[in-house]
file model-v6.cif (mmCIF, C-alpha atoms)
data_entry
loop_
_atom_site.group_PDB
_atom_site.id
_atom_site.type_symbol
_atom_site.label_atom_id
_atom_site.label_comp_id
_atom_site.auth_asym_id
_atom_site.auth_seq_id
_atom_site.Cartn_x
_atom_site.Cartn_y
_atom_site.Cartn_z
ATOM 1 C CA MET C 934 13.812 -51.466 24.193
ATOM 2 C CA ALA C 935 14.720 -51.147 20.533
ATOM 3 C CA PRO C 936 16.024 -47.772 19.299
ATOM 4 C CA ARG C 937 13.508 -45.653 17.511
ATOM 5 C CA GLY C 938 14.078 -44.492 13.958
ATOM 6 C CA ARG C 939 14.622 -40.841 13.147
ATOM 7 C CA LYS C 940 11.852 -38.676 11.897
ATOM 8 C CA ARG C 941 12.694 -37.206 8.569
ATOM 9 C CA LYS C 942 10.421 -34.172 8.498
ATOM 10 C CA ALA C 943 12.867 -31.822 6.793
ATOM 11 C CA GLU C 944 13.665 -34.323 4.050
ATOM 12 C CA ALA C 945 9.988 -35.066 3.456
ATOM 13 C CA ALA C 946 9.209 -31.336 3.303
ATOM 14 C CA MET C 947 11.918 -30.771 0.692
ATOM 15 C CA VAL C 948 10.600 -33.642 -1.440
ATOM 16 C CA ALA C 949 7.042 -32.319 -1.148
ATOM 17 C CA ALA C 950 8.158 -28.811 -2.165
ATOM 18 C CA ALA C 951 10.033 -30.202 -5.180
ATOM 19 C CA GLU C 952 6.979 -32.230 -6.210
ATOM 20 C CA LYS C 953 4.757 -29.145 -5.856
ATOM 21 C CA GLN C 954 7.045 -27.058 -8.069
ATOM 22 C CA GLU C 955 7.173 -29.886 -10.604
ATOM 23 C CA LYS C 956 3.395 -30.238 -10.573
ATOM 24 C CA LEU C 957 2.961 -26.479 -11.049
ATOM 25 C CA ALA C 958 5.437 -26.531 -13.916
ATOM 26 C CA ASN C 959 3.728 -29.522 -15.538
ATOM 27 C CA SER C 960 0.265 -28.039 -15.139
ATOM 28 C CA GLY C 961 1.490 -25.047 -17.104
ATOM 29 C CA GLU C 962 2.896 -27.068 -20.010
ATOM 30 C CA GLY C 963 1.919 -25.536 -23.270
ATOM 31 C CA MET C 964 1.820 -22.114 -21.623
ATOM 32 C CA GLU C 965 2.574 -19.373 -24.032
ATOM 33 C CA GLU C 966 2.844 -16.627 -21.447
ATOM 34 C CA ALA C 967 3.985 -16.157 -17.890
ATOM 35 C CA THR C 968 1.506 -16.760 -15.074
ATOM 36 C CA VAL C 969 1.409 -15.513 -11.483
ATOM 37 C CA VAL C 970 0.336 -18.144 -8.941
ATOM 38 C CA ILE C 971 -0.804 -17.174 -5.439
ATOM 39 C CA GLU C 972 -0.924 -20.035 -2.955
ATOM 40 C CA HIS C 973 -2.615 -19.215 0.320
ATOM 41 C CA CYS C 974 -4.135 -21.069 3.218
ATOM 42 C CA THR C 975 -7.937 -21.142 3.103
ATOM 43 C CA SER C 976 -8.635 -19.147 6.266
ATOM 44 C CA ARG C 977 -10.441 -15.801 5.867
ATOM 45 C CA VAL C 978 -7.459 -13.594 6.708
ATOM 46 C CA TYR C 979 -5.320 -15.261 4.061
ATOM 47 C CA GLY C 980 -8.114 -15.025 1.477
ATOM 48 C CA ARG C 981 -8.625 -11.286 1.959
ATOM 49 C CA ASN C 982 -4.930 -10.608 1.527
ATOM 50 C CA ALA C 983 -4.740 -12.842 -1.552
ATOM 51 C CA ALA C 984 -7.685 -11.027 -3.110
ATOM 52 C CA ALA C 985 -6.102 -7.614 -2.534
ATOM 53 C CA LEU C 986 -2.787 -8.840 -3.919
ATOM 54 C CA SER C 987 -4.320 -10.437 -7.015
ATOM 55 C CA GLN C 988 -6.252 -7.240 -7.709
ATOM 56 C CA ALA C 989 -3.058 -5.164 -7.472
ATOM 57 C CA LEU C 990 -1.238 -7.566 -9.792
ATOM 58 C CA ARG C 991 -4.077 -7.502 -12.340
ATOM 59 C CA LEU C 992 -4.100 -3.704 -12.327
ATOM 60 C CA GLU C 993 -0.333 -3.468 -12.775
ATOM 61 C CA ALA C 994 0.067 -6.233 -15.376
ATOM 62 C CA PRO C 995 -3.323 -6.940 -16.980
ATOM 63 C CA GLU C 996 -1.763 -9.180 -19.640
ATOM 64 C CA LEU C 997 -0.586 -11.702 -17.018
ATOM 65 C CA PRO C 998 -3.082 -14.293 -15.793
ATOM 66 C CA VAL C 999 -3.243 -14.626 -11.995
ATOM 67 C CA LYS C 1000 -4.202 -18.010 -10.550
ATOM 68 C CA VAL C 1001 -5.191 -18.328 -6.895
ATOM 69 C CA ASN C 1002 -4.749 -21.786 -5.336
ATOM 70 C CA PRO C 1003 -4.579 -23.901 -8.516
ATOM 71 C CA THR C 1004 -3.773 -26.896 -6.263
ATOM 72 C CA LYS C 1005 -4.624 -27.628 -2.642
ATOM 73 C CA PRO C 1006 -2.659 -25.098 -0.530
ATOM 74 C CA ARG C 1007 -0.412 -26.021 2.362
ATOM 75 C CA ARG C 1008 -1.486 -25.139 5.885
ATOM 76 C CA GLY C 1009 -0.350 -21.647 6.887
ATOM 77 C CA SER C 1010 1.129 -20.882 3.486
ATOM 78 C CA PHE C 1011 1.197 -17.615 1.588
ATOM 79 C CA GLU C 1012 3.395 -17.631 -1.520
ATOM 80 C CA VAL C 1013 3.466 -15.737 -4.784
ATOM 81 C CA THR C 1014 5.288 -17.387 -7.702
ATOM 82 C CA LEU C 1015 5.894 -16.337 -11.291
ATOM 83 C CA LEU C 1016 5.734 -19.285 -13.714
ATOM 84 C CA ARG C 1017 7.583 -18.529 -16.927
ATOM 85 C CA PRO C 1018 6.693 -19.988 -20.349
ATOM 86 C CA ASP C 1019 9.966 -21.964 -20.425
ATOM 87 C CA GLY C 1020 8.871 -23.939 -17.329
ATOM 88 C CA SER C 1021 11.073 -22.150 -14.803
ATOM 89 C CA SER C 1022 9.637 -20.336 -11.814
ATOM 90 C CA ALA C 1023 10.608 -17.345 -9.707
ATOM 91 C CA GLU C 1024 9.428 -16.841 -6.150
ATOM 92 C CA LEU C 1025 8.138 -13.293 -5.723
ATOM 93 C CA TRP C 1026 7.146 -13.672 -2.065
ATOM 94 C CA THR C 1027 7.026 -16.362 0.576
ATOM 95 C CA GLY C 1028 5.540 -15.849 4.007
ATOM 96 C CA ILE C 1029 5.956 -19.418 5.222
ATOM 97 C CA LYS C 1030 8.885 -18.734 7.557
ATOM 98 C CA LYS C 1031 7.662 -15.291 8.617
ATOM 99 C CA GLY C 1032 5.769 -14.408 11.781
ATOM 100 C CA PRO C 1033 4.557 -14.297 14.500
ATOM 101 C CA PRO C 1034 2.754 -11.940 14.386
ATOM 102 C CA ARG C 1035 0.702 -13.265 11.505
ATOM 103 C CA LYS C 1036 0.618 -9.942 9.664
ATOM 104 C CA LEU C 1037 4.283 -10.467 8.720
ATOM 105 C CA LYS C 1038 3.215 -13.364 6.475
ATOM 106 C CA PHE C 1039 1.426 -11.026 4.081
ATOM 107 C CA PRO C 1040 3.305 -8.743 1.706
ATOM 108 C CA ASP C 1041 2.498 -5.192 0.836
ATOM 109 C CA PRO C 1042 1.044 -5.491 -2.701
ATOM 110 C CA GLN C 1043 3.460 -2.834 -3.985
ATOM 111 C CA GLU C 1044 6.447 -4.923 -2.844
ATOM 112 C CA VAL C 1045 5.264 -7.876 -4.920
ATOM 113 C CA VAL C 1046 4.476 -5.642 -7.911
ATOM 114 C CA GLU C 1047 8.009 -4.196 -7.778
ATOM 115 C CA GLU C 1048 9.488 -7.710 -7.581
ATOM 116 C CA LEU C 1049 7.354 -8.772 -10.541
ATOM 117 C CA LYS C 1050 8.603 -5.811 -12.583
ATOM 118 C CA LYS C 1051 12.193 -6.909 -11.927
ATOM 119 C CA TYR C 1052 11.516 -10.367 -13.337
ATOM 120 C CA LEU C 1053 9.519 -9.160 -16.326
ATOM 121 C CA SER C 1054 12.068 -6.630 -17.535
#

call {"tool": "encode", "arguments": {"input": "model-v6.cif", "output": "structure tokens"}}
result
Amino acid sequence: MAPRGRKRKAEAAMVAAAEKQEKLANSGEGMEEATVVIEHCTSRVYGRNAAALSQALRLEAPELPVKVNPTKPRRGSFEVTLLRPDGSSAELWTGIKKGPPRKLKFPDPQEVVEELKKYLS
């Protein structure tokens, strides 16, 4: 029996993440202001938390646009990213490696608002 090749899941995941960041950066070309992007899985629980978080961000920084799922989200994902006008990005929250229980994947909106303030000042 011939030896089987290795599965390269970790390498493929890193390439996919780099492509996603590049796509997000390219989709924002010509941006004149920073943008907050919330990527969340499409299940109901994730959607409710994303809605509460986007509302808190809009109340705290009304001048910043908040985009929810500008591209197809990854399964089980919940991430909040700040895209700067210069094309760089800052991760405000990631819940991908958190849990179980599932509630650990979702941030307290005030935590994300405080993190956003750090990057904006």

call {"tool": "resolve_selection", "arguments": {"input": "model-v6.cif", "expression": "the PyMOL selection byres ((chain C and resi 999-1012) around 10)", "output": "ChimeraX atom specification"}}
result
/C:953,956-957,960,967-976,979-980,982-984,986-988,990-991,994-998,1013-1015,1024-1031,1035,1038-1040

call {"tool": "axis_aligned_box", "arguments": {"input": "model-v6.cif", "around": "segment 1013-1028 of chain C", "padding_each_side": "3 Å", "output": "JSON"}}
result
{"center_x": 7.3, "center_y": -18.6, "center_z": -8.2, "size_x": 13.6, "size_y": 16.6, "size_z": 30.4}

call {"tool": "atom_distance", "arguments": {"input": "model-v6.cif", "atom1": "atom CA of Glu1047 of chain C", "atom2": "atom CA of Leu992 of chain C"}}
result
12.9 Å

call {"tool": "closest_residue", "arguments": {"input": "model-v6.cif", "among": "C:Ser1022, C:Glu993, C:Pro1033, C:Arg1017", "to": "Val1046 of chain C", "atoms": "all atoms listed in the file"}}
result
C:Glu993

call {"tool": "closest_residue", "arguments": {"input": "model-v6.cif", "among": "C:Leu1053, C:Arg937, C:Ala985, C:Glu966", "to": "Asp1041 of chain C", "atoms": "all atoms listed in the file"}}
result
C:Ala985

call {"tool": "atom_distance", "arguments": {"input": "model-v6.cif", "atom1": "atom CA of Tyr1052 of chain C", "atom2": "atom CA of Pro1018 of chain C"}}
result
12.8 Å

call {"tool": "atom_distance", "arguments": {"input": "model-v6.cif", "atom1": "atom CA of Lys1036 of chain C", "atom2": "atom CA of Glu1048 of chain C"}}
result
19.5 Å
